[in-house]
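**Q** Mind having a look at this structure? Questions to follow.
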Amino acid sequence: MRIPKVIDGIDFGVMSPEDIRKMSVTKVIAADTYDEDGYPIERGLMDSRLGVVDPGLRCRTCGARAGECPGHFGHVELARQVIHVGYIDTVHDCLRATCRNKNCGRILLSTQKLEEFRKQLEDIKRNGGKWWEVSDQIVRSAATVEKCPHCGEKQLRIKFEKPTTFMEGKNRLTSSDVRERLENIKDDDALLLGIDLKVARPEWMILTVLPVPPVTVRPSITLESGVRSEDDLTHKLVDIIRINQRLAENIEAGAPHLIVEDLWELLQYHVTTYFDNGVSGIPPARHRSGRVLRTLAQRLRGKEGRFRGNLSGKRVDFSARTVVSPDPNISINEIGFPEHIAQILTIPVRVTEYNVEELRNLVRRGTDIYPGANNVISPEGKRYDLRYADREEIANKLEPGFIIERHLKDGDIVIFNRQPSLHRMSIMAHEVRVLPGRTFRLNLCVCPPYNADFDGDEMNVHAPQSEEAQAEARILMRVQEQILSPRFGGPIIGGIQDHITGAYMLTRKGTLLTREQTQQLLAYVGVFPELPKPVVREKGTEYWTGKQIFSMLLPKGLSTTFKAKVCENCARCKEEDCEIDAYVVIRDGQLLNGVIDARSYKALDRCEILDRIVKDYGTTAAREFLDRVTRLSIAAAVMFGFTTSIDDEDIPPEAKERISEIMDKARERVNKLIEVYNAGELEPLPGRSLRETLEMKIMEVLAESRDSAGTIAEKHLGLDNHAVIMARTGARGSMLNLTQMAACVGQQSVRGERLSRGYRRRTLPHYKPDDLGANARGFVSSSYKSGLGPLEFFFHAMGGREGLVDTAVRTAQSGYMQRRLINALQDLRVEYDGTVRDDRGAIVQFTYGEDGVDPARSDKGKAVNVEKLIERIIGGK
Amino acid sequence: MPEELNIGRHVLVPKHEILPKGKVDELLERYKISPHQLPLIMSSDPAAKEIGAKPGDVLKITRDSQTAGEAVFYRHVVKG
């Protein structure tokens, strides 16, 4: 690539009238674009010296064709000066901070004070600080001065009227007056007002000449009917030139002052809306159809503007998007890739003497037969499109130095992403696995980091092109490298749902498997180890425990002890003798005791086993473990069978009766509380009103009764119940969900209080006004299974709606907060000396996190986990 | 200022002390930075006023830390 010029700095400033004239290739005087024959009008807005957009024509300034000619500026000589809206605030500052006297024009502060400020300014500029704050301060203190300390002139207040007028007392300042004042500002003073004289002069903020952007900036489009349609900017420029011409003619003819003033103001309006069609205080300029014009500021501003839409949000090549669906049989590192997409996304491969034959074959197969290639680039840089070229000929020409763009194939690295990309695990590198079908397939363990499900989610893929990019993606971004989240130092990739129930059913006490069953499971996992000694031998049949099978997937030497999720936190732990087998003991890679559940390897949980493997055996071992253990769990779940239905929430009639008794008793207690309250005998809680006390007590009573109803239901739902298995092992759902289905839904609330609004002094007209009883205020005593009464159903909908609104509001708010935080923190980084610094090299934190520990590399937040070390060395207790 | 208003003795105010000149140079050399790359503190900050810090000084602040127990922080005093 040819680099014509090297940029070593950029200055932002204001263009002087001379600059504008100097860069202009033509003065624009005609307010027209094309003549009847469709040729650009000389000195018109589409003058062919301003650049070319139509193919075939040549630019009259540089001689280049459309696409090569960058376009050239023209200019309009304004008949009268107008203020540039973009600088209106600075103009205002300059006006009110300086002396109104024509012959003075100094900043309204004493020489001594100005000197002080000058020193401060220089100091800050040298050390790199917010120097404009000093300028603001100067303006603020000078604006209130009533008598000039230099010439003694009395100062009238200058009032700014949106969008572009200034009033001095009762007089209106014309743009010419304003320009005159700005011209009078001394160089030294301009510096104090924050104007860098190298690139700007105050009076340049008032326009005497207007640049006309090249046609390439505002191309006209020809519709199919042959009608030309001009860009919004061109329309606006037409307005400006037309008014400017009329103004010039009127001045020339010596028209009355009033008419000239009016036209001048109109010119100001057009120029203002040309720059920014969204300034407050004036109606936006509209197209003939009534559409609001999109002028310069609108092109830059906002989400679809030049900055956010085109510069920070560029469209990319080598990407693909489609629906995602699950595949439990591929590795977490892999992505199931549709053949269609693999044929379109390519990777450039350099031909060497070692791969030339292989690549020749790919070239021969071409674009339509997978795996093939789409393009060949010769060493001279010539590109052959294999759709049209003679593939056989090109294949034979192939020699070292050629580059071919071949289809993606198994094992290639691609970058996979799901929006919103809220954390770094939203973008991870996967290995391609070409599969039939039209969707991207992903292993279920990577759903949590992407926050993906399969109700229609779509995801994006990017194919890194250079060897460096591929290597970086593979080493830094591969899924297995992201198992531990830097957010909390635990696995964010791990088993979910069935992975947990399956493992639980396999490893719980009493699971015995025959040789056939054992081998069936292991075959599904894809490992074929030598079987250990069977634990039981009965009537000639050998049996293995589920724990033995599970142990075959554990790395050798792994030892740990922890309490499973099912643990009931008994006051005194019986350890190995636990009835529910919640005390997990692993010694040298053998699961000796305890069941496997959420605590062992569930994503976003405490993940005792997976966590240990990642930290002690590395990410590759962890990936292997996770791939295998999830397959084993699913095979086990399939083998044992696992379903749940509403029948799982069945409880016997006696239990139902007891629950309804509890509900009656609760209602009674509530009524009693209300009686006490009405009698005025209720003792208020500290810091609460009587009414608040009553509400709290009622809520307490009702919550308690729901809990006791739940406890009764729980007693009848044992660990052989599938719904309970899911809740207790942490696979899905909670015991609260189950008791709501089986026993009692409980109190509905809005803003943390019992329902109270709807009708005057009551929730629904079915109740008496001021009824504070349990039912009247949204207590649902039915269960989901038995069904809600009509009034209960209504109350439930009220509570449910609040939840819905809350989530909607929360996502919007937290999204905006995240955007602001990222903007503020994006340039911070941890340097090699452990400090956190910003882009200026200024220190933000002297040691990252004050302890210098990366949570993802730490063990339970510590650099070294002493307890685990001791346990490992002495081998248990 | 009356004795009871010594904010330096408040539990929530970490220990501030003025770093001796020699130590300042050592600090700047250790991190290879100039003073303005340090975090700032205004001389009007109550904790800085309490110990009489002047613009140009560097304060050493010893804070309790959730992660490290105790963390040392340095701030450059500026006018304000």
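In the structure tokens, chains take the letters A, B, ... in the order shown, each chain's residues start at 1, and ligands count up from 1 in the order shown.
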Pick out the chain A residues within 10 Å of chain B. Count only C-alpha atoms. Give them as a list of chain:residue names.

**A**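 Matching residues, ligands excluded from the count: A:Ile124, A:Asn127, A:Gly128, A:Gly129, A:Asp833, A:Gly834, A:Thr835, A:Arg837, A:Asp838, A:Arg840, A:Gly841, A:Ala842, A:Ile843, A:Val844, A:Gln845, A:Phe846, A:Thr847, A:Gly849, A:Glu850, A:Asp851, A:Gly852, A:Val853, A:Gly861, A:Lys862.
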
**Q** Can you spit out the residues from that selection as an mmCIF file, in the first residue's frame, using N, CA and C atoms?

**A**
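Once written, selection_35.cif looks like this:
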```
data_model
loop_
_atom_site.group_PDB
_atom_site.id
_atom_site.type_symbol
_atom_site.label_atom_id
_atom_site.label_comp_id
_atom_site.auth_asym_id
_atom_site.auth_seq_id
_atom_site.Cartn_x
_atom_site.Cartn_y
_atom_site.Cartn_z
ATOM 1 N N ILE A 124 -0.966 24.720 34.416
ATOM 2 C CA ILE A 124 -1.824 23.565 34.136
ATOM 3 C C ILE A 124 -1.533 22.988 32.766
ATOM 4 N N ASN A 127 1.470 20.812 32.892
ATOM 5 C CA ASN A 127 1.312 19.525 33.575
ATOM 6 C C ASN A 127 0.164 18.681 33.022
ATOM 7 N N GLY A 128 -0.496 19.183 32.019
ATOM 8 C CA GLY A 128 -1.577 18.394 31.429
ATOM 9 C C GLY A 128 -2.764 18.263 32.335
ATOM 10 N N GLY A 129 -3.531 19.329 32.487
ATOM 11 C CA GLY A 129 -4.737 19.274 33.300
ATOM 12 C C GLY A 129 -5.896 19.904 32.560
ATOM 13 N N ASP A 833 4.323 -3.278 36.234
ATOM 14 C CA ASP A 833 4.730 -3.067 37.635
ATOM 15 C C ASP A 833 3.554 -3.216 38.594
ATOM 16 N N GLY A 834 2.404 -3.684 38.095
ATOM 17 C CA GLY A 834 1.271 -3.954 38.973
ATOM 18 C C GLY A 834 0.380 -2.752 39.214
ATOM 19 N N THR A 835 0.778 -1.570 38.697
ATOM 20 C CA THR A 835 -0.058 -0.394 38.886
ATOM 21 C C THR A 835 -1.163 -0.379 37.853
ATOM 22 N N ARG A 837 -3.066 2.132 35.447
ATOM 23 C CA ARG A 837 -2.844 3.485 34.930
ATOM 24 C C ARG A 837 -3.815 3.808 33.819
ATOM 25 N N ASP A 838 -4.022 5.101 33.606
ATOM 26 C CA ASP A 838 -4.880 5.510 32.506
ATOM 27 C C ASP A 838 -4.019 5.772 31.277
ATOM 28 N N ARG A 840 -2.801 8.419 30.100
ATOM 29 C CA ARG A 840 -1.718 9.390 30.263
ATOM 30 C C ARG A 840 -0.577 8.795 31.067
ATOM 31 N N GLY A 841 -0.737 7.582 31.538
ATOM 32 C CA GLY A 841 0.275 6.985 32.390
ATOM 33 C C GLY A 841 0.113 7.412 33.836
ATOM 34 N N ALA A 842 -0.970 8.143 34.143
ATOM 35 C CA ALA A 842 -1.214 8.549 35.526
ATOM 36 C C ALA A 842 -1.760 7.362 36.306
ATOM 37 N N ILE A 843 -1.343 7.288 37.559
ATOM 38 C CA ILE A 843 -1.682 6.121 38.359
ATOM 39 C C ILE A 843 -3.083 6.234 38.939
ATOM 40 N N VAL A 844 -3.848 5.169 38.834
ATOM 41 C CA VAL A 844 -5.189 5.129 39.383
ATOM 42 C C VAL A 844 -5.190 4.279 40.655
ATOM 43 N N GLN A 845 -4.406 3.204 40.597
ATOM 44 C CA GLN A 845 -4.290 2.329 41.760
ATOM 45 C C GLN A 845 -2.830 1.881 41.820
ATOM 46 N N PHE A 846 -2.242 1.882 42.986
ATOM 47 C CA PHE A 846 -0.813 1.563 43.052
ATOM 48 C C PHE A 846 -0.556 0.073 42.917
ATOM 49 N N THR A 847 -1.512 -0.725 43.358
ATOM 50 C CA THR A 847 -1.444 -2.167 43.131
ATOM 51 C C THR A 847 -2.836 -2.594 42.714
ATOM 52 N N GLY A 849 -6.245 -3.838 42.459
ATOM 53 C CA GLY A 849 -7.130 -4.392 43.477
ATOM 54 C C GLY A 849 -6.564 -4.311 44.880
ATOM 55 N N GLU A 850 -5.502 -3.513 45.062
ATOM 56 C CA GLU A 850 -4.794 -3.300 46.321
ATOM 57 C C GLU A 850 -3.987 -4.512 46.772
ATOM 58 N N ASP A 851 -4.297 -5.706 46.222
ATOM 59 C CA ASP A 851 -3.488 -6.860 46.608
ATOM 60 C C ASP A 851 -2.778 -7.460 45.397
ATOM 61 N N GLY A 852 -3.055 -6.924 44.207
ATOM 62 C CA GLY A 852 -2.377 -7.402 43.012
ATOM 63 C C GLY A 852 -2.780 -8.796 42.584
ATOM 64 N N VAL A 853 -3.947 -9.256 43.025
ATOM 65 C CA VAL A 853 -4.356 -10.622 42.700
ATOM 66 C C VAL A 853 -5.412 -10.607 41.607
ATOM 67 N N GLY A 861 -9.993 -16.136 46.188
ATOM 68 C CA GLY A 861 -9.604 -14.762 46.450
ATOM 69 C C GLY A 861 -8.209 -14.592 47.009
ATOM 70 N N LYS A 862 -7.525 -15.683 47.307
ATOM 71 C CA LYS A 862 -6.161 -15.579 47.838
ATOM 72 C C LYS A 862 -5.182 -16.074 46.777
#
```

**Q** Write out as a PyMOL selection string all residues of range 322-445 of chain A that backbone DSSP assigns to alpha helix (DSSP H).

**A** chain A and resi 339-344+356-365+391-397

**Q** Using the chain letters and numbers from this document, which residues of range 308-342 of chain A does DSSP assign to strand (DSSP E or B), as a list in words?

**A**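 Of range 308-342 of chain A, the ones in strand (DSSP E or B) are Ser319, Ala320, Arg321, Thr322, Val323, Val324, Ser325, Pro326, Glu334, Ile335, Gly336, Phe337 and Pro338 of chain A.
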
**Q** I need the chosen residues saved as a PDB file, in the first residue's frame, with C-alpha atoms.

**A**
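Output (result17.pdb):
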```pdb
ATOM      1  CA  SER A 319     -18.482 -12.593   9.495  1.00  0.00           C
ATOM      2  CA  ALA A 320     -21.654 -14.654   9.639  1.00  0.00           C
ATOM      3  CA  ARG A 321     -24.838 -14.729  11.659  1.00  0.00           C
ATOM      4  CA  THR A 322     -27.502 -17.336  12.182  1.00  0.00           C
ATOM      5  CA  VAL A 323     -29.726 -18.982  14.764  1.00  0.00           C
ATOM      6  CA  VAL A 324     -28.050 -21.038  17.487  1.00  0.00           C
ATOM      7  CA  SER A 325     -29.133 -24.450  18.663  1.00  0.00           C
ATOM      8  CA  PRO A 326     -27.726 -26.906  21.220  1.00  0.00           C
ATOM      9  CA  GLU A 334     -16.170 -26.311  19.351  1.00  0.00           C
ATOM     10  CA  ILE A 335     -18.890 -24.667  17.352  1.00  0.00           C
ATOM     11  CA  GLY A 336     -21.142 -26.611  15.015  1.00  0.00           C
ATOM     12  CA  PHE A 337     -20.779 -24.819  11.719  1.00  0.00           C
ATOM     13  CA  PRO A 338     -23.199 -25.039   8.763  1.00  0.00           C
TER      14      PRO A 338
END
```

**Q** Mind checking which residues fall within 10 Å of Leu690 in chain A, counting only C-alpha atoms, ignoring those fewer than 6 positions away in the same chain, and posting them as a ChimeraX atom specification?

**A** /A:677,680-684,696

**Q** Fewer than 5 positions away in the same chain doesn't count, so skip those; otherwise give me all residues within 12 Å of Pro20 in chain B, counting only C-alpha atoms, as a list in words.

**A**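 Counting only C-alpha atoms, the residues come to Asp25, Glu26, Leu27, Ala53, Gly56, Asp57, Val58, Leu59 and Lys60 of chain B.
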
**Q** Save out the residues we just selected, C-alpha atoms, as a CSV table (one decimal), in the first residue's frame.

**A**
```csv
chain,number,residue,atom,x,y,z
B,25,ASP,CA,11.9,11.2,44.8
B,26,GLU,CA,12.3,7.5,45.6
B,27,LEU,CA,8.5,7.0,44.9
B,53,ALA,CA,-0.2,19.7,53.6
B,56,GLY,CA,3.5,20.2,45.9
B,57,ASP,CA,3.6,17.8,48.8
B,58,VAL,CA,2.9,14.1,48.4
B,59,LEU,CA,0.7,12.4,51.0
B,60,LYS,CA,1.0,8.8,52.0
```

**Q** Measuring between only C-alpha atoms, which one of A:Phe795, A:Leu192, A:Lys656, A:Glu183 shows the shortest distance to Phe117 in chain A?

**A**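 Of A:Phe795, A:Leu192, A:Lys656, A:Glu183, the one nearest Phe117 in chain A, counting only C-alpha atoms, is A:Leu192.
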
**Q** Near range 504-518 of chain A, counting only C-alpha atoms, which residues have an atom at most 9 Å away, once you skip same-chain residues fewer than 3 positions from it, shown as a compact mmCIF listing (two decimals) with N, CA and C atoms, in the first residue's frame?

**A**
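Output (around-v2.txt):
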```txt
# COMPACT_ATOMS: atom_id res chain seq x y z
N HIS A 499 -27.36 -31.77 33.39
CA HIS A 499 -26.03 -32.23 33.76
C HIS A 499 -25.96 -32.50 35.25
N ILE A 500 -26.70 -31.71 36.02
CA ILE A 500 -26.66 -31.85 37.47
C ILE A 500 -27.54 -33.02 37.92
N THR A 501 -28.77 -33.05 37.43
CA THR A 501 -29.66 -34.14 37.85
C THR A 501 -29.09 -35.49 37.45
N LEU A 521 -22.74 -46.53 29.38
CA LEU A 521 -22.48 -45.15 29.80
C LEU A 521 -21.12 -44.69 29.32
N LEU A 522 -20.11 -45.52 29.55
CA LEU A 522 -18.75 -45.10 29.20
C LEU A 522 -18.59 -44.96 27.68
N ALA A 523 -19.30 -45.81 26.95
CA ALA A 523 -19.22 -45.71 25.49
C ALA A 523 -19.81 -44.39 25.03
N LEU A 531 -12.16 -51.46 33.60
CA LEU A 531 -13.12 -51.29 34.68
C LEU A 531 -12.49 -51.67 36.01
N PRO A 534 -15.72 -54.67 40.60
CA PRO A 534 -17.12 -54.40 40.95
C PRO A 534 -17.31 -54.46 42.46
N VAL A 535 -18.20 -53.65 43.00
CA VAL A 535 -18.39 -53.62 44.45
C VAL A 535 -19.26 -54.75 44.96
N VAL A 536 -20.22 -55.12 44.15
CA VAL A 536 -21.14 -56.18 44.60
C VAL A 536 -21.14 -57.31 43.57
N THR A 541 -23.95 -61.96 38.94
CA THR A 541 -23.86 -60.70 38.21
C THR A 541 -22.98 -59.72 38.99
N GLU A 542 -22.17 -58.97 38.23
CA GLU A 542 -21.32 -57.97 38.87
C GLU A 542 -22.00 -56.61 38.80
N TYR A 543 -21.82 -55.83 39.84
CA TYR A 543 -22.41 -54.50 39.87
C TYR A 543 -21.34 -53.46 40.19
N TRP A 544 -21.42 -52.31 39.51
CA TRP A 544 -20.56 -51.18 39.83
C TRP A 544 -21.43 -50.05 40.37
N THR A 545 -20.88 -49.24 41.24
CA THR A 545 -21.66 -48.09 41.73
C THR A 545 -21.47 -46.93 40.75
N GLY A 546 -22.43 -46.01 40.79
CA GLY A 546 -22.32 -44.81 39.97
C GLY A 546 -21.08 -44.01 40.33
N LYS A 547 -20.75 -44.03 41.63
CA LYS A 547 -19.58 -43.28 42.08
C LYS A 547 -18.32 -43.79 41.41
N GLN A 548 -18.26 -45.12 41.24
CA GLN A 548 -17.08 -45.69 40.58
C GLN A 548 -16.96 -45.19 39.14
N ILE A 549 -18.12 -45.13 38.46
CA ILE A 549 -18.08 -44.69 37.07
C ILE A 549 -17.69 -43.22 36.99
N PHE A 550 -18.28 -42.44 37.88
CA PHE A 550 -17.96 -41.02 37.90
C PHE A 550 -16.46 -40.83 38.14
N ILE A 580 -28.20 -38.28 53.77
CA ILE A 580 -28.50 -37.90 52.39
C ILE A 580 -27.22 -37.85 51.55
N ASP A 581 -26.13 -38.33 52.10
CA ASP A 581 -24.91 -38.48 51.35
C ASP A 581 -24.39 -37.13 50.82
N LEU A 591 -14.12 -40.91 43.89
CA LEU A 591 -15.24 -40.37 44.66
C LEU A 591 -15.63 -41.42 45.69
N GLY A 594 -20.42 -39.26 49.14
CA GLY A 594 -21.14 -38.05 48.77
C GLY A 594 -21.68 -38.10 47.35
N VAL A 595 -22.66 -37.23 47.11
CA VAL A 595 -23.27 -37.16 45.78
C VAL A 595 -22.72 -35.96 45.02
N ILE A 596 -22.80 -36.07 43.70
CA ILE A 596 -22.38 -34.97 42.84
C ILE A 596 -23.62 -34.14 42.51
N ASP A 597 -23.56 -32.85 42.78
CA ASP A 597 -24.67 -31.97 42.42
C ASP A 597 -24.12 -30.59 42.06
N ALA A 598 -24.97 -29.56 42.21
CA ALA A 598 -24.57 -28.22 41.76
C ALA A 598 -23.23 -27.76 42.33
N LEU A 632 -21.62 -37.96 30.34
CA LEU A 632 -21.96 -39.05 31.26
C LEU A 632 -23.28 -38.76 31.96
N SER A 633 -23.45 -37.53 32.43
CA SER A 633 -24.67 -37.18 33.16
C SER A 633 -25.88 -37.34 32.28
N ALA A 636 -26.61 -40.89 31.77
CA ALA A 636 -27.22 -41.45 32.98
C ALA A 636 -28.67 -41.05 33.07
N ALA A 637 -28.96 -39.77 32.81
CA ALA A 637 -30.34 -39.30 32.88
C ALA A 637 -31.21 -40.04 31.88
N MET A 639 -30.58 -43.05 30.74
CA MET A 639 -30.68 -44.45 31.15
C MET A 639 -31.71 -44.62 32.27
N PHE A 640 -31.65 -43.73 33.28
CA PHE A 640 -32.58 -43.88 34.41
C PHE A 640 -33.96 -43.32 34.06
N ILE A 725 -35.77 -33.38 43.32
CA ILE A 725 -34.37 -33.63 42.97
C ILE A 725 -33.78 -32.39 42.28
N THR A 729 -30.86 -30.43 44.32
CA THR A 729 -29.51 -30.51 43.78
C THR A 729 -29.07 -29.21 43.13
```

**Q** For range 809-824 of chain A, please output as a PyMOL selection string all residues within 12 Å (counting only C-alpha atoms; exclusion window: fewer than 2 positions along the same chain).

**A** chain A and resi 420-423+802-807+826-828+838-839

**Q** Counting only C-alpha atoms, which residue out of A:Asn396, A:Asn451, A:Asn244, A:Thr346 sits closest to Ala603 in chain A?

**A**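 With only C-alpha atoms as the atom set, the closest residue is A:Asn451.
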
**Q** Give the answer as one residue: which of A:Val376, A:Leu266, A:Val28, A:Ile41 has the shortest atom-to-atom distance to Lys397 in chain A, using only C-alpha atoms?

**A**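 Selected residue with least distance to Lys397 in chain A: A:Val376.
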
**Q** Would you list the contacts of Val209 in chain A as a PDB file with N, CA and C atoms, in the first residue's frame, taking every protein, DNA or RNA residue within 9 Å and counting only C-alpha atoms, but skipping same-chain residues closer than 4 positions in sequence?

**A**
```pdb
ATOM      1  N   PRO A  17     -11.303  33.351   7.137  1.00  0.00           N
ATOM      2  CA  PRO A  17     -11.875  33.614   5.814  1.00  0.00           C
ATOM      3  C   PRO A  17     -10.845  33.400   4.709  1.00  0.00           C
ATOM      4  N   GLU A  18      -9.596  33.798   4.979  1.00  0.00           N
ATOM      5  CA  GLU A  18      -8.557  33.619   3.963  1.00  0.00           C
ATOM      6  C   GLU A  18      -8.346  32.138   3.673  1.00  0.00           C
ATOM      7  N   ILE A  20     -10.476  29.780   3.942  1.00  0.00           N
ATOM      8  CA  ILE A  20     -11.619  29.250   3.198  1.00  0.00           C
ATOM      9  C   ILE A  20     -11.493  29.625   1.735  1.00  0.00           C
ATOM     10  N   ARG A  21     -11.112  30.873   1.479  1.00  0.00           N
ATOM     11  CA  ARG A  21     -10.977  31.299   0.080  1.00  0.00           C
ATOM     12  C   ARG A  21      -9.827  30.565  -0.585  1.00  0.00           C
ATOM     13  N   HIS A  75     -16.708  28.127  -2.367  1.00  0.00           N
ATOM     14  CA  HIS A  75     -17.100  29.053  -1.310  1.00  0.00           C
ATOM     15  C   HIS A  75     -18.184  30.004  -1.772  1.00  0.00           C
ATOM     16  N   VAL A  76     -18.898  30.546  -0.791  1.00  0.00           N
ATOM     17  CA  VAL A  76     -19.914  31.565  -1.056  1.00  0.00           C
ATOM     18  C   VAL A  76     -19.492  32.810  -0.300  1.00  0.00           C
ATOM     19  N   GLU A  77     -19.434  33.969  -1.002  1.00  0.00           N
ATOM     20  CA  GLU A  77     -19.168  35.229  -0.309  1.00  0.00           C
ATOM     21  C   GLU A  77     -20.485  35.712   0.273  1.00  0.00           C
ATOM     22  N   LEU A  78     -20.548  35.783   1.606  1.00  0.00           N
ATOM     23  CA  LEU A  78     -21.802  36.195   2.218  1.00  0.00           C
ATOM     24  C   LEU A  78     -21.939  37.715   2.129  1.00  0.00           C
ATOM     25  N   ALA A  79     -23.136  38.176   1.788  1.00  0.00           N
ATOM     26  CA  ALA A  79     -23.372  39.607   1.656  1.00  0.00           C
ATOM     27  C   ALA A  79     -23.267  40.296   3.012  1.00  0.00           C
ATOM     28  N   GLN A  81     -22.308  39.365   7.368  1.00  0.00           N
ATOM     29  CA  GLN A  81     -21.740  38.347   8.231  1.00  0.00           C
ATOM     30  C   GLN A  81     -22.821  37.634   9.042  1.00  0.00           C
TER      31      GLN A  81
END
```
